[in-house]
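Asks: What follows is a single structure, and I will ask about it in a moment.
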Amino acid sequence: MSALLYIPFLALIFAIVIASAWLLSRYLFDVYTGKKGRLDKLFDPIDNFIYRIINADPLRQMSGWDYFFSVLVFSAFSAALCFAILLFQGYLPLNPQHFTGLSWSLALNTAISFVTNTNLQHYAGETTLSYLSQAAAIQFLQFSSAAIGLCVAVAVFRGFSGKFKGIGNFYYDYVRTITRVMLPIAAIAAIVLVAAGLPQTFSGYITANTIGGGSQTIAIGPIASLVSIMQLGTNGGGYFGANSASPFQNPSPFTNWFEVYLMVLFVTAMPFLFGRMAQNSREGHMLLIAMYAIYAINMAVAFYNVMQFGPGMEASIGAFSSTFWTVTSTSTMTGSLNASLASFNPLVILAALMGMFVQAAPGGIGVGIVYMLMYAILAVFIVGLMAGRTPEYLGAKILPSDIKRAVIVFVSHPIIILIPLAIAFSTGAAGAIGSGSIPNGFTRVLYEFTSAAANNGSDFLGTAANTAFFNISTGVVMLLGRFIAMAIMLIIAESMLKRPRAAEIGMRTDSLLFAGILVVSIMILVVLAFLPFMVLGPILSLLQGYGAI
């Protein structure tokens with residue numbers, strides 16, 4: 001079936017997404033601006049109790065460094081807790097299958113992966129993790145990392161808008177995000193998934209008798225609660241090694257498209273929230289248009305082969321749904337999969353890589369919009385050079401220090417991919433797991449480090465990458481990919497907060513013209529930075545498939 005026949009259906013899906021995201025942004029604005037509401041009687045005592053437990057003053061304004069340091073300390077503590085649970089799960093309760101603890105390198109990689117919102121999995125969950133590990137380590141970090149992404153985005157919004165006294169307080173933002181946003185919405189999504197057929201139990205795996213007289217172990221557990229937060233929080237790490245290709249995690253067309261809806265809900269709400277906090281809704285609308293324009297380009301690249309030459313893949317959910325899911329998952333940095341990456345045409349892999357190279361189309365929860373603001377700074381700088389005037393954004397002058405910092409954020413991404421990629425091939429680590437060839441092996445390893453750097457988590461290698469080299473190297477890449485951008489953008493936001501705002505704005509950044517400039521600037525920058533990687537990988541595979549070389 002031609003992908004064009006799905007356009008009315010997709011139009012309906014995204015109409016629902018846009019309407020839901022707009023409503024969600026209203027609620028988020030009330031949460032982060034402290035607006036009083038009917039639910040305060042329920043949530044305020046809970047929030048205040050947590051503030052007392054952690055000895056935090058929620059009213060104290062933090063500097064950019066203070067905010068980032070709080071993020072870093074909280075993330076380190078959370079990762080350490082997860083590491084300990086995974087390492088010693090064999091001695092802990094809720095382990096009816098009697099799984100042993102993970103190796104130190106795999107436990108470290110997994111803790112880093114989930115605390116950075118990456119969810120890269122060098123293990124198969126149903127044969128490796130106990131119920132306690134799945135719930136107390138994995139799901140806890142999926143909530144926490146998603147909440148931290150939202151908190152950082154809101155802090156950056158406050159600074160860029162210039163409408164607030166400061167960039168805020170991390171502990172105030174984090175607690176309210178967990179109690180008032182992530183937990184209630186994830187609970188509703190989990191109830192829907194349970195009603196749609198996903199298991200949610202701690203009763204232990206089931207041993208069933210087969211028709212042939214044998215037996216089969218059926219892995220079940222707290223699956224619905226994990227799937228709801230893994231998609232809402234753009235986490236992506238599934239209960240099963242097969243992720244959402246498993247019928248227990250994605251049993252029907254309804255759950256397939258509902259999970260896609262969850263993937264894009266929060267990331268679509270973020271530009272609306274930015275417009276509300278900047279007191280100019282058009283600013284948010286233009287960022288949303290730019291995000292979805294790049295997303296549409298990636299989708300067009302992926303579907304060119306499906307429409308013209310047939311799917312060339314095997315997936316129980318169907319070629320269209322699997323391709324759409326994969327591009328959406330990599331564009332939103334979710335990283336969940338409902339089909340094996342090895343089954344896709346190189347054009348789909350190219351589109352997936354482009355989504356992870358850009359990281360803002362629409363990007364991960366909170367972090368995607370932060371990257372888009374980084375691109376906006378670079379775009380106004382480029383336009384300022386051509387027009388011969390000082391660049392401005394939201395009425396504030398963009399200083400040379402802002403440009404330098406934004407360039408560091410952008411350039412760091414290819415660097416943290418290239419260095420471990422070169423080491424993997426020069427040391428033989430890639431060849432040791434059967435990925436030392438060009439272009440196919442190169443594509444797999446390139447995808448591994450790109451996914452780690454973009455905090456995406458989808459990968460070709462799976463359990464084959466459970467080696468000390470890949471566990472440690474991807475762990476370092478995930479940390480740098482997560483925290484370099486956060487630190488620098490918080491510093492820029494604090495700097496912009498203190499600047500005077502011009503009464504008359506030079507170049508309007510709330511126009512369709514600027515949205516177009518932003519899209520063109522992003523595509524040029526990304527293609528120039530990553531073209532050599534793409535040529536040696538999926539592009540070369542594509543040319544070989546067509547017999548061009």
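Residues in the structure tokens are numbered from 1 in each chain, the chains being A, B, ... in the order shown, and ligands are numbered from 1 in the order shown.
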Can you tell me, as a PyMOL selection string, what residues are no more than 12 Å from A:Gly388 when counting only C-alpha atoms, ignoring any on the same chain fewer than 6 positions away?
Replies: chain A and resi 380-382+506-507
Asks: Stretch 135-151 of chain A: which residues within 8 Å, counting only C-alpha atoms, same-chain residues fewer than 4 positions away excluded, as a VMD selection string?
Replies: chain A and resid 71 75 78 to 79 81 to 82 85 to 86 114 to 117 131 155 170 173 to 174 177 to 178 182 to 183 222 226 229 to 230 233 to 235 365 to 367
Asks: Write the selection just made, keeping N, CA and C atoms, as a compact mmCIF listing (two decimals), in the first residue's frame?
Replies:
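Writing done, so here's out29.txt:
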```
# COMPACT_ATOMS: atom_id res chain seq x y z
N VAL A 71 21.35 19.48 39.07
CA VAL A 71 21.00 18.42 38.12
C VAL A 71 22.05 17.31 38.15
N SER A 75 21.46 13.54 39.51
CA SER A 75 21.62 12.47 38.52
C SER A 75 22.64 11.45 38.99
N SER A 78 21.12 9.28 41.70
CA SER A 78 20.15 8.35 41.12
C SER A 78 20.84 7.22 40.38
N ALA A 79 21.89 7.56 39.62
CA ALA A 79 22.63 6.54 38.88
C ALA A 79 23.32 5.56 39.82
N LEU A 81 22.36 4.70 42.83
CA LEU A 81 21.33 3.82 43.39
C LEU A 81 20.95 2.73 42.40
N CYS A 82 20.76 3.12 41.14
CA CYS A 82 20.42 2.15 40.09
C CYS A 82 21.55 1.15 39.90
N ILE A 85 21.48 -1.48 42.68
CA ILE A 85 20.37 -2.43 42.53
C ILE A 85 20.69 -3.46 41.45
N LEU A 86 21.22 -3.00 40.31
CA LEU A 86 21.52 -3.90 39.21
C LEU A 86 22.66 -4.83 39.55
N PHE A 114 20.16 5.04 31.59
CA PHE A 114 18.81 5.45 31.99
C PHE A 114 18.81 6.79 32.72
N VAL A 115 19.89 7.15 33.39
CA VAL A 115 19.91 8.45 34.07
C VAL A 115 20.08 9.58 33.06
N THR A 116 20.60 9.27 31.87
CA THR A 116 20.76 10.29 30.83
C THR A 116 19.61 10.31 29.84
N ASN A 117 18.54 9.54 30.12
CA ASN A 117 17.38 9.48 29.24
C ASN A 117 17.70 8.82 27.91
N TYR A 131 12.12 -8.11 38.79
CA TYR A 131 11.03 -7.14 38.90
C TYR A 131 11.49 -5.89 39.65
N ALA A 155 13.88 26.11 32.82
CA ALA A 155 14.87 27.07 33.30
C ALA A 155 15.44 27.88 32.14
N PHE A 170 15.92 24.26 40.83
CA PHE A 170 15.81 22.91 40.29
C PHE A 170 14.88 22.04 41.13
N ASP A 173 11.24 22.85 40.59
CA ASP A 173 10.80 22.38 39.28
C ASP A 173 10.69 20.86 39.24
N TYR A 174 11.68 20.19 39.81
CA TYR A 174 11.72 18.73 39.72
C TYR A 174 10.56 18.10 40.50
N THR A 177 7.34 18.64 38.77
CA THR A 177 7.27 17.86 37.53
C THR A 177 6.88 16.42 37.83
N ILE A 178 7.47 15.84 38.86
CA ILE A 178 7.17 14.44 39.21
C ILE A 178 5.74 14.31 39.72
N MET A 182 4.44 14.13 35.56
CA MET A 182 4.82 12.82 35.05
C MET A 182 4.00 11.69 35.66
N LEU A 183 3.87 11.67 36.99
CA LEU A 183 3.15 10.57 37.64
C LEU A 183 1.68 10.51 37.23
N PRO A 222 5.63 -5.92 35.33
CA PRO A 222 5.07 -4.56 35.33
C PRO A 222 5.36 -3.85 34.01
N LEU A 226 5.82 0.55 32.68
CA LEU A 226 7.10 0.89 32.06
C LEU A 226 6.89 1.49 30.68
N ILE A 229 5.70 5.33 30.70
CA ILE A 229 6.70 6.37 30.95
C ILE A 229 7.84 6.30 29.94
N MET A 230 8.10 5.12 29.38
CA MET A 230 9.18 5.04 28.39
C MET A 230 8.83 5.83 27.13
N GLY A 233 8.15 9.87 28.33
CA GLY A 233 9.38 10.55 28.71
C GLY A 233 10.47 10.43 27.67
N THR A 234 10.13 10.04 26.45
CA THR A 234 11.09 9.79 25.36
C THR A 234 12.29 9.00 25.88
N ASN A 235 11.99 7.97 26.67
CA ASN A 235 13.03 7.09 27.19
C ASN A 235 13.36 6.00 26.18
N ILE A 365 12.45 14.91 25.29
CA ILE A 365 11.60 15.67 26.19
C ILE A 365 12.43 16.77 26.87
N GLY A 366 12.07 18.01 26.63
CA GLY A 366 12.78 19.15 27.21
C GLY A 366 14.05 19.49 26.47
N VAL A 367 14.92 18.51 26.26
CA VAL A 367 16.22 18.75 25.67
C VAL A 367 16.11 19.13 24.19
```
Asks: Using only C-alpha atoms, pick whichever of A:Leu394, A:Ala80, A:Leu421, A:Leu512 has the shortest atom-to-atom distance to A:Met286.
Replies: A:Leu512
Asks: Suppose you want the space between atom CA of A:Gly90 and atom CA of A:Thr110; what is it in Å?
Replies: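 Spanning atom CA of A:Gly90 to atom CA of A:Thr110 is a straight-line distance of 16.3 Å.
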Asks: Residues within 10 Å of A:Gly241, please, as a ChimeraX atom specification. Count only C-alpha atoms; anything in the same chain fewer than 6 positions from it doesn't count.
Replies: /A:121-128,462-463
Asks: Need to verify the contact set: A:Thr100, 12 Å, only C-alpha atoms, exclusion of same-chain residues closer than 4 positions in sequence. Can you return it as number ranges by chain?
Replies: A: 85-93, 95-96, 107, 127-130, 133
Asks: Select, from A:Ser511, A:Gln216, A:Asn440, A:Ser321, the residue with the minimum atom-to-atom distance to A:Ile289, counting only C-alpha atoms.
Replies: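 Answer, going by the shortest atom-to-atom distance: A:Ser511.
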Asks: Might you pull out every residue within 10 Å of A:His413, with only C-alpha atoms counted and same-chain residues fewer than 2 positions away left off, and present them as an MDAnalysis selection string?
Replies: chainID A and resid 357:359 408:411 415:418 450 453:454 477 480:481 484:485 529:530
Asks: So what do you get for atom CA of A:Glu448 versus atom CA of A:Tyr239, distance-wise?
Replies: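 Here the two named atoms are 19.8 Å from each other.
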Asks: Excluding A:Leu232 and residues on its chain fewer than 4 positions from it, collect all residues at most 12 Å away from it, counting only C-alpha atoms, and give them as a ChimeraX atom specification.
Replies: /A:117,142-143,145-147,150,181-190,225-228,236-237,258-269,329,332-336,364-366
Asks: Give me every helix (DSSP H, G or I) residue in stretch 68-204 of chain A, going by DSSP on the backbone, as a PyMOL selection string.
Replies: chain A and resi 68-87+89-91+104-115+125-128+131-161+170-195
Asks: I'd like the interatomic distance between atom CA of A:Tyr546 and atom CA of A:Pro346, to a tenth of an Å.
Replies: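 Rounded to one decimal, the two atoms are 10.9 Å apart.
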Asks: Which of stretch 61-297 of chain A counts as strand (DSSP E) under DSSP, as a list of chain:residue names please?
Replies: A:Ile206, A:Thr207, A:Ala208, A:Asn209, A:Ser215, A:Gln216, A:Thr217, A:Ile218
